[in-house]
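Next up, query07.tsv (TSV, C-alpha atoms):
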chain	number	residue	atom	x	y	z
A	1	MET	CA	14.55	-7.33	-2.48
A	2	LEU	CA	11.22	-8.98	-1.66
A	3	ARG	CA	10.04	-11.81	-3.90
A	4	VAL	CA	6.62	-13.47	-4.10
A	5	GLU	CA	6.75	-16.82	-5.90
A	6	GLY	CA	3.79	-18.81	-7.18
A	7	LEU	CA	1.14	-17.42	-4.84
A	8	THR	CA	-2.15	-19.27	-5.18
A	9	LEU	CA	-5.16	-18.48	-2.98
A	10	SER	CA	-8.42	-20.40	-2.88
A	11	VAL	CA	-11.48	-20.81	-0.70
A	12	LYS	CA	-13.50	-24.06	-0.68
A	13	GLY	CA	-11.84	-25.09	-3.92
A	14	ARG	CA	-12.58	-21.80	-5.72
A	15	ALA	CA	-9.46	-20.02	-6.93
A	16	LEU	CA	-9.04	-16.39	-5.89
A	17	VAL	CA	-5.48	-15.86	-7.15
A	18	THR	CA	-3.40	-18.27	-9.23
A	19	ASP	CA	0.37	-18.35	-9.73
A	20	PHE	CA	0.99	-14.72	-8.74
A	21	SER	CA	4.68	-13.79	-8.71
A	22	CYS	CA	6.43	-10.44	-8.41
A	23	THR	CA	9.55	-8.75	-7.11
A	24	LEU	CA	9.59	-5.59	-4.98
A	25	GLU	CA	12.71	-3.48	-4.59
A	26	VAL	CA	13.66	-0.88	-2.03
A	27	GLY	CA	13.39	2.56	-3.62
A	28	GLN	CA	10.55	1.61	-5.97
A	29	ILE	CA	6.81	2.23	-5.89
A	30	THR	CA	4.94	-0.66	-7.48
A	31	CYS	CA	1.25	-0.17	-8.14
A	32	LEU	CA	-1.05	-3.20	-8.32
A	33	ILE	CA	-4.11	-2.61	-10.47
A	34	GLY	CA	-6.88	-4.75	-11.90
A	35	PRO	CA	-10.67	-5.20	-11.98
A	36	SER	CA	-12.64	-5.31	-8.73
A	37	GLY	CA	-12.62	-8.78	-7.22
A	38	CYS	CA	-9.43	-9.95	-8.98
A	39	GLY	CA	-7.59	-10.55	-5.70
A	40	LYS	CA	-5.47	-7.42	-5.20
A	41	THR	CA	-6.43	-6.99	-1.55
A	42	SER	CA	-6.04	-10.72	-0.92
A	43	VAL	CA	-2.45	-10.54	-2.16
A	44	LEU	CA	-1.68	-7.71	0.27
A	45	LYS	CA	-3.37	-9.51	3.15
A	46	TRP	CA	-1.34	-12.65	2.44
A	47	LEU	CA	1.85	-10.60	2.44
A	48	ALA	CA	0.81	-8.99	5.73
A	49	GLY	CA	-0.06	-12.38	7.24
A	50	ILE	CA	-3.70	-11.54	7.95
A	51	LEU	CA	-5.67	-13.66	5.49
A	52	ALA	CA	-9.12	-14.59	6.73
A	53	PRO	CA	-9.57	-18.12	8.12
A	54	GLY	CA	-10.68	-20.61	5.49
A	55	ILE	CA	-8.54	-19.21	2.66
A	56	ASP	CA	-5.97	-21.75	1.52
A	57	ALA	CA	-2.63	-20.38	0.39
A	58	GLU	CA	0.38	-21.78	-1.42
A	59	GLY	CA	3.45	-19.81	-2.35
A	60	ALA	CA	6.72	-18.47	-1.04
A	61	LEU	CA	7.84	-15.10	0.29
A	62	LEU	CA	11.57	-14.42	0.06
A	63	LEU	CA	13.53	-11.50	1.48
A	64	ASN	CA	16.95	-11.21	-0.17
A	65	GLY	CA	16.61	-14.83	-1.25
A	66	GLN	CA	15.66	-16.21	2.18
A	67	ALA	CA	12.18	-17.50	3.00
A	68	ILE	CA	10.49	-15.45	5.73
A	69	PRO	CA	7.33	-15.99	7.81
A	70	ARG	CA	4.29	-13.74	7.76
A	71	PRO	CA	3.68	-11.37	9.41
A	72	HIS	CA	7.21	-10.00	9.36
A	73	CYS	CA	8.75	-6.81	10.73
A	74	ALA	CA	10.10	-5.94	7.26
A	75	LEU	CA	6.53	-5.26	6.06
A	76	ALA	CA	4.05	-2.64	7.28
A	77	TYR	CA	0.44	-2.77	6.07
A	78	GLN	CA	-2.33	-0.20	5.69
A	79	PRO	CA	-5.72	-1.80	5.02
A	80	GLN	CA	-8.42	-0.33	2.82
A	81	SER	CA	-10.42	0.71	5.88
A	82	ASP	CA	-8.64	2.98	8.34
A	83	ALA	CA	-8.92	0.37	11.14
A	84	LEU	CA	-8.41	3.00	13.85
A	85	PHE	CA	-9.17	1.95	17.42
A	86	PRO	CA	-12.06	4.09	18.71
A	87	TRP	CA	-10.76	4.16	22.30
A	88	LEU	CA	-7.38	5.62	21.28
A	89	THR	CA	-6.74	9.25	20.36
A	90	ILE	CA	-5.44	10.06	16.89
A	91	ALA	CA	-1.95	10.42	18.35
A	92	GLY	CA	-2.35	7.05	20.07
A	93	ASN	CA	-3.53	5.40	16.87
A	94	ALA	CA	-0.72	6.93	14.82
A	95	ALA	CA	1.88	5.67	17.31
A	96	LEU	CA	0.37	2.21	17.73
A	97	GLY	CA	2.49	0.38	15.15
A	98	LEU	CA	5.66	1.69	16.77
A	99	GLU	CA	4.46	0.61	20.20
A	100	VAL	CA	3.61	-2.88	18.96
A	101	ALA	CA	7.16	-3.09	17.56
A	102	GLY	CA	8.57	-2.32	20.99
A	103	THR	CA	8.93	1.47	21.14
A	104	GLY	CA	7.76	2.98	24.42
A	105	PRO	CA	4.53	5.07	24.32
A	106	ALA	CA	6.26	8.39	24.99
A	107	ALA	CA	9.00	7.77	22.41
A	108	ALA	CA	6.47	6.54	19.85
A	109	ARG	CA	4.34	9.66	20.19
A	110	ALA	CA	7.42	11.86	20.03
A	111	LYS	CA	8.33	10.19	16.72
A	112	VAL	CA	4.91	10.68	15.10
A	113	ARG	CA	4.30	14.23	16.37
A	114	PRO	CA	6.50	16.03	13.76
A	115	PHE	CA	4.45	14.48	10.96
A	116	PHE	CA	1.09	15.87	12.06
A	117	PRO	CA	1.37	19.27	10.30
A	118	ASP	CA	2.26	17.68	6.94
A	119	PHE	CA	-0.74	15.37	7.30
A	120	GLY	CA	-3.14	18.17	8.26
A	121	LEU	CA	-3.70	16.58	11.66
A	122	GLU	CA	-1.95	19.05	13.96
A	123	THR	CA	-5.23	20.01	15.72
A	124	CYS	CA	-6.41	16.40	16.04
A	125	GLU	CA	-3.81	14.71	18.25
A	126	ASP	CA	-6.07	14.48	21.29
A	127	LEU	CA	-9.31	13.80	19.41
A	128	TYR	CA	-10.86	10.36	18.88
A	129	PRO	CA	-11.64	8.75	15.50
A	130	ASP	CA	-15.38	9.47	15.69
A	131	GLN	CA	-14.58	13.18	16.13
A	132	ILE	CA	-12.80	13.65	12.79
A	133	SER	CA	-13.67	13.21	9.12
A	134	GLY	CA	-13.16	10.08	7.06
A	135	GLY	CA	-10.33	11.73	5.15
A	136	MET	CA	-8.54	12.64	8.37
A	137	ARG	CA	-8.99	9.09	9.64
A	138	GLN	CA	-7.38	7.74	6.48
A	139	ARG	CA	-4.45	10.14	6.85
A	140	ALA	CA	-3.98	9.00	10.45
A	141	ALA	CA	-3.93	5.37	9.25
A	142	PHE	CA	-1.39	6.29	6.56
A	143	LEU	CA	0.77	8.02	9.17
A	144	ARG	CA	0.58	4.97	11.45
A	145	THR	CA	1.95	2.86	8.58
A	146	ILE	CA	4.60	5.20	7.20
A	147	VAL	CA	6.33	5.89	10.55
A	148	GLN	CA	7.12	2.23	11.10
A	149	ASP	CA	10.70	1.16	10.44
A	150	SER	CA	9.83	-1.45	7.82
A	151	ARG	CA	11.72	-1.88	4.58
A	152	PHE	CA	8.52	-2.48	2.64
A	153	ILE	CA	5.10	-0.84	2.85
A	154	LEU	CA	1.83	-2.42	1.70
A	155	LEU	CA	-0.85	0.17	0.94
A	156	ASP	CA	-4.43	-0.73	-0.01
A	157	GLU	CA	-5.95	2.34	-1.68
A	158	PRO	CA	-4.40	4.66	0.92
A	159	PHE	CA	-5.76	7.90	-0.54
A	160	SER	CA	-9.22	6.83	-1.73
A	161	ALA	CA	-11.12	8.78	0.97
A	162	LEU	CA	-9.24	12.04	0.40
A	163	ASP	CA	-10.43	15.06	-1.53
A	164	ALA	CA	-8.60	15.79	-4.77
A	165	VAL	CA	-6.24	18.45	-3.41
A	166	THR	CA	-5.32	16.52	-0.25
A	167	ARG	CA	-4.83	13.39	-2.33
A	168	LEU	CA	-2.31	15.15	-4.55
A	169	LYS	CA	-0.48	16.50	-1.50
A	170	MET	CA	-0.24	13.05	0.10
A	171	GLN	CA	0.92	11.47	-3.15
A	172	GLY	CA	3.64	14.10	-3.46
A	173	TRP	CA	4.60	13.73	0.20
A	174	LEU	CA	5.03	9.97	-0.17
A	175	CYS	CA	7.18	10.28	-3.30
A	176	ASP	CA	9.35	12.97	-1.68
A	177	ARG	CA	9.68	10.92	1.51
A	178	LEU	CA	10.76	7.81	-0.38
A	179	ALA	CA	13.35	9.83	-2.29
A	180	ARG	CA	14.92	10.75	1.08
A	181	VAL	CA	14.29	7.47	2.90
A	182	PRO	CA	14.14	4.68	0.28
A	183	ARG	CA	11.72	1.83	0.95
A	184	GLY	CA	9.81	-0.56	-1.24
A	185	VAL	CA	6.09	0.15	-1.73
A	186	LEU	CA	3.34	-2.08	-3.09
A	187	MET	CA	0.20	0.00	-3.50
A	188	VAL	CA	-3.23	-1.13	-4.66
A	189	THR	CA	-5.16	1.54	-6.54
A	190	HIS	CA	-8.06	1.74	-8.99
A	191	ASP	CA	-6.99	5.20	-10.15
A	192	LEU	CA	-4.97	4.98	-13.38
A	193	HIS	CA	-3.92	8.63	-13.06
A	194	GLU	CA	-2.56	8.00	-9.55
A	195	ALA	CA	-0.83	4.80	-10.63
A	196	THR	CA	0.92	6.30	-13.64
A	197	GLN	CA	1.95	9.47	-11.78
A	198	MET	CA	3.47	7.64	-8.80
A	199	ALA	CA	4.64	4.19	-9.84
A	200	ASP	CA	8.00	2.94	-11.03
A	201	ARG	CA	6.28	-0.29	-12.08
A	202	LEU	CA	2.70	-1.33	-12.77
A	203	LEU	CA	1.48	-4.86	-12.10
A	204	VAL	CA	-1.81	-5.60	-13.88
A	205	MET	CA	-3.99	-8.45	-12.63
A	206	SER	CA	-6.64	-10.09	-14.79
A	207	ALA	CA	-10.27	-10.62	-13.78
A	208	GLY	CA	-9.94	-14.40	-13.76
A	209	PRO	CA	-7.48	-16.14	-11.46
A	210	GLY	CA	-4.17	-16.42	-13.24
A	211	PRO	CA	-0.68	-14.98	-13.58
A	212	LEU	CA	-0.18	-11.26	-14.01
A	213	ALA	CA	-1.59	-9.86	-17.23
A	214	ALA	CA	1.28	-7.36	-17.48
A	215	ASP	CA	4.34	-6.04	-15.65
A	216	ILE	CA	5.04	-2.56	-17.00
A	217	PRO	CA	7.99	-0.35	-15.97
A	218	ILE	CA	7.59	3.44	-16.09
A	219	THR	CA	10.96	5.00	-16.81
A	220	THR	CA	9.87	8.64	-17.31
A	221	PRO	CA	11.04	10.71	-14.29
A	222	ARG	CA	8.10	11.80	-12.13
A	223	GLN	CA	8.82	15.48	-12.70
A	224	ASN	CA	8.43	14.91	-16.45
A	225	ARG	CA	5.19	12.94	-16.31
A	226	SER	CA	2.91	15.27	-18.23
A	227	GLU	CA	-0.47	14.17	-19.57
A	228	ALA	CA	1.10	13.86	-23.02
A	229	ALA	CA	4.01	11.77	-21.73
A	230	LEU	CA	1.64	9.33	-20.00
A	231	ALA	CA	-1.07	9.16	-22.66
A	232	GLU	CA	0.27	6.05	-24.40
A	233	ILE	CA	0.79	4.03	-21.24
A	234	ARG	CA	-2.67	4.97	-19.93
A	235	THR	CA	-4.22	3.82	-23.20
A	236	THR	CA	-2.33	0.53	-22.88
A	237	LEU	CA	-3.61	0.10	-19.34
A	238	LYS	CA	-7.20	0.86	-20.30
A	239	ASN	CA	-7.04	-1.70	-23.10
A	240	LEU	CA	-5.54	-4.33	-20.79
A	241	LEU	CA	-8.21	-3.77	-18.15
A	242	LEU	CA	-11.02	-3.91	-20.70
A	243	GLU	CA	-9.64	-7.17	-22.08
A	244	THR	CA	-9.24	-8.90	-18.70

Here is the file; what I need is its structure written in the form of structure tokens.
Amino acid sequence: MLRVEGLTLSVKGRALVTDFSCTLEVGQITCLIGPSGCGKTSVLKWLAGILAPGIDAEGALLLNGQAIPRPHCALAYQPQSDALFPWLTIAGNAALGLEVAGTGPAAARAKVRPFFPDFGLETCEDLYPDQISGGMRQRAAFLRTIVQDSRFILLDEPFSALDAVTRLKMQGWLCDRLARVPRGVLMVTHDLHEATQMADRLLVMSAGPGPLAADIPITTPRQNRSEAALAEIRTTLKNLLLET
């Protein structure tokens, strides 16, 4: 269990996030939603230990009740941009997180290679980022994150650059993967359809700095999440977001 307690972020005295607290559990997808500029990405960057200089932070991060530093090997992070290195091939970029964690280059590439067909990247291993599309770049960044042996994954709009069909495939792949290999996921998204289809819990942030506006569990099994079954919760979310 990963616990954020009382996170407050500010820059030059201006509050970005105030008193943010949440709990993440292995085996659950938690989606973080809210208006643009409410601090969703800043929360993920704090968790990943990569906040920009000049941002003041107060708060605690606990793993199974014990305070941990940031960055930490229990958390893997995918930023909103793909952040691929232009001088590395797609295979090299996908394996980079494993190599940083101590896996040898050959072993790291051997571990990522079986995933390439599922990600639609099987013909791109030896290409460079500027030789592939934006959607392929984002899939390579997602692969780089998901292959790491972290207990928790931080995803900042991981499917935003994908076409509708590929997006659905990647959403389904992630849910199926987590059913086989349970991990905790905190995912930022602006897409209410994506959030309600994938999440076990929804955390709603308000526009102004402050505690969460809502913490909503979704108990309907994913296979039963029809438009009718999700209509009420989507209406609730829309109303919350319009009020914040």

Task: Which of A:Glu243, A:Asp19, A:Asp82, A:Asp118 sits closest to Glu157 (chain A) [using all atoms listed in the file] - done: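 Among the listed residues, A:Asp82 lies closest to Glu157 (chain A).
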
Open item on the list: Please determine, counting all atoms listed in the file, which residue among A:Ala140, A:Cys22, A:Ile218, A:Lys169 has the shortest atom-to-atom distance to Ser81 (chain A).
Closed with: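 Of A:Ala140, A:Cys22, A:Ile218, A:Lys169, the one nearest Ser81 (chain A), counting all atoms listed in the file, is A:Ala140.
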
- [ ] Could you check which of A:Arg151, A:Lys40, A:Arg139, A:Arg144 is closest to Leu75 (chain A), using only C-alpha atoms?
- [x]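 Of the candidates, the smallest distance to Leu75 (chain A) is held by A:Arg151.
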
Open item on the list: Using all atoms listed in the file, can you tell me which of A:Ile55, A:Leu155, A:Met1, A:Leu162 comes closest to Gly27 (chain A)?
Closed with: A:Met1

Open item on the list: To one decimal place in Å, what is the distance between CA of Ala76 (chain A) and CA of Val147 (chain A)?
Closed with: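 Separation between CA of Ala76 (chain A) and CA of Val147 (chain A): 9.4 Å.
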
- [ ] Go through A:Leu230, A:Val185, A:Ile90, A:Leu212 one by one, measure the shortest atom-to-atom distance of each to Gly6 (chain A) using all atoms listed in the file, and give the residue with the smallest value.
- [x]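 Selected residue with least distance to Gly6 (chain A): A:Leu212.
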
Task: Surrounding residues of region 207-210 of chain A excluding itself and chain neighbours under 5 positions, 12 Å, all atoms listed in the file, as a list in words - done: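 Returned residues: Gly6, Leu7, Thr8, Leu9, Ser10, Arg14, Ala15, Leu16, Val17, Thr18, Asp19, Phe20, Ser21, Ile33, Gly34, Pro35, Ser36, Gly37, Cys38, Gly39, Lys40, Ser42, Val43, Leu240, Leu241, Leu242, Glu243 and Thr244 of chain A.
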
Can you write just those residues out, C-alpha atoms, as a short mmCIF file (atom, residue, chain, number, x, y, z; two decimals), in the frame of the given file?
data_model
loop_
_atom_site.label_atom_id
_atom_site.label_comp_id
_atom_site.auth_asym_id
_atom_site.auth_seq_id
_atom_site.Cartn_x
_atom_site.Cartn_y
_atom_site.Cartn_z
CA GLY A 6 3.79 -18.81 -7.18
CA LEU A 7 1.14 -17.42 -4.84
CA THR A 8 -2.15 -19.27 -5.18
CA LEU A 9 -5.16 -18.48 -2.98
CA SER A 10 -8.42 -20.40 -2.88
CA ARG A 14 -12.58 -21.80 -5.72
CA ALA A 15 -9.46 -20.02 -6.93
CA LEU A 16 -9.04 -16.39 -5.89
CA VAL A 17 -5.48 -15.86 -7.15
CA THR A 18 -3.40 -18.27 -9.23
CA ASP A 19 0.37 -18.35 -9.73
CA PHE A 20 0.99 -14.72 -8.74
CA SER A 21 4.68 -13.79 -8.71
CA ILE A 33 -4.11 -2.61 -10.47
CA GLY A 34 -6.88 -4.75 -11.90
CA PRO A 35 -10.67 -5.20 -11.98
CA SER A 36 -12.64 -5.31 -8.73
CA GLY A 37 -12.62 -8.78 -7.22
CA CYS A 38 -9.43 -9.95 -8.98
CA GLY A 39 -7.59 -10.55 -5.70
CA LYS A 40 -5.47 -7.42 -5.20
CA SER A 42 -6.04 -10.72 -0.92
CA VAL A 43 -2.45 -10.54 -2.16
CA LEU A 240 -5.54 -4.33 -20.79
CA LEU A 241 -8.21 -3.77 -18.15
CA LEU A 242 -11.02 -3.91 -20.70
CA GLU A 243 -9.64 -7.17 -22.08
CA THR A 244 -9.24 -8.90 -18.70
#

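The spacing separating CA of Ala52 (chain A) from CA of Phe152 (chain A) amounts to 21.8 Å.
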
Task: Nearby residues, (-2.9, 15.0, 3.6) file frame, 6 Å, all atoms listed in the file, as a ChimeraX atom specification - done: /A:119-120,166,169-170

Same residues, C-alpha atoms, output as an mmCIF file, in the frame of the given file:
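Dumped to out_29.cif:
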data_model
loop_
_atom_site.group_PDB
_atom_site.id
_atom_site.type_symbol
_atom_site.label_atom_id
_atom_site.label_comp_id
_atom_site.auth_asym_id
_atom_site.auth_seq_id
_atom_site.Cartn_x
_atom_site.Cartn_y
_atom_site.Cartn_z
ATOM 1 C CA PHE A 119 -0.740 15.370 7.300
ATOM 2 C CA GLY A 120 -3.140 18.170 8.260
ATOM 3 C CA THR A 166 -5.320 16.520 -0.250
ATOM 4 C CA LYS A 169 -0.480 16.500 -1.500
ATOM 5 C CA MET A 170 -0.240 13.050 0.100
#

- [ ] May I ask for the distance between CA of Arg225 (chain A) and CA of Leu202 (chain A), given in Å to one decimal place?
- [x]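 Going from CA of Arg225 (chain A) over to CA of Leu202 (chain A) covers 14.9 Å.
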
TODO: Select, from A:Gln138, A:Thr145, A:Asn93, A:Ser150, the residue with the minimum atom-to-atom distance to Asp163 (chain A), counting only C-alpha atoms.
DONE: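 The answer is A:Gln138, which sits nearest to Asp163 (chain A).
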
TODO: Find the residues near Asp130 (chain A): any atom within 10 Å, counting all atoms listed in the file, skip ones fewer than 2 places away on the same chain, and give them as a ChimeraX atom specification.
DONE: /A:84-87,89,127-128,132-134,137

Task: Polymer residues at most 12 Å from Asp200 (chain A), all atoms listed in the file, same-chain spacing of 5 or more positions, as a list in words - done: Leu24, Glu25, Val26, Gly27, Gln28, Ile29, Thr30, Cys31, Leu32, Cys175, Gly184, Val185, Leu186, Met187, Glu194, Ala195, Asp215, Ile216, Pro217, Ile218, Thr219, Thr220, Pro221, Arg222 and Arg225 of chain A

Quick one: 5 Å padding each side, axis-aligned, all listed atoms of region 139-153 of chain A - centre and edge lengths in Å to one decimal, as AutoDock Vina command-line options?
--center_x 3.6 --center_y 3.8 --center_z 7.0 --size_x 26.2 --size_y 22.6 --size_z 18.8

- [ ] Show which residues sit within 12 Å of Ala106 (chain A), as a list of chain:residue names. Count all atoms listed in the file, and ignore same-chain residues fewer than 4 positions away.
- [x] A:Ala91, A:Gly92, A:Ala95, A:Leu96, A:Leu98, A:Glu99, A:Gly102, A:Ala110, A:Lys111, A:Val112, A:Arg113
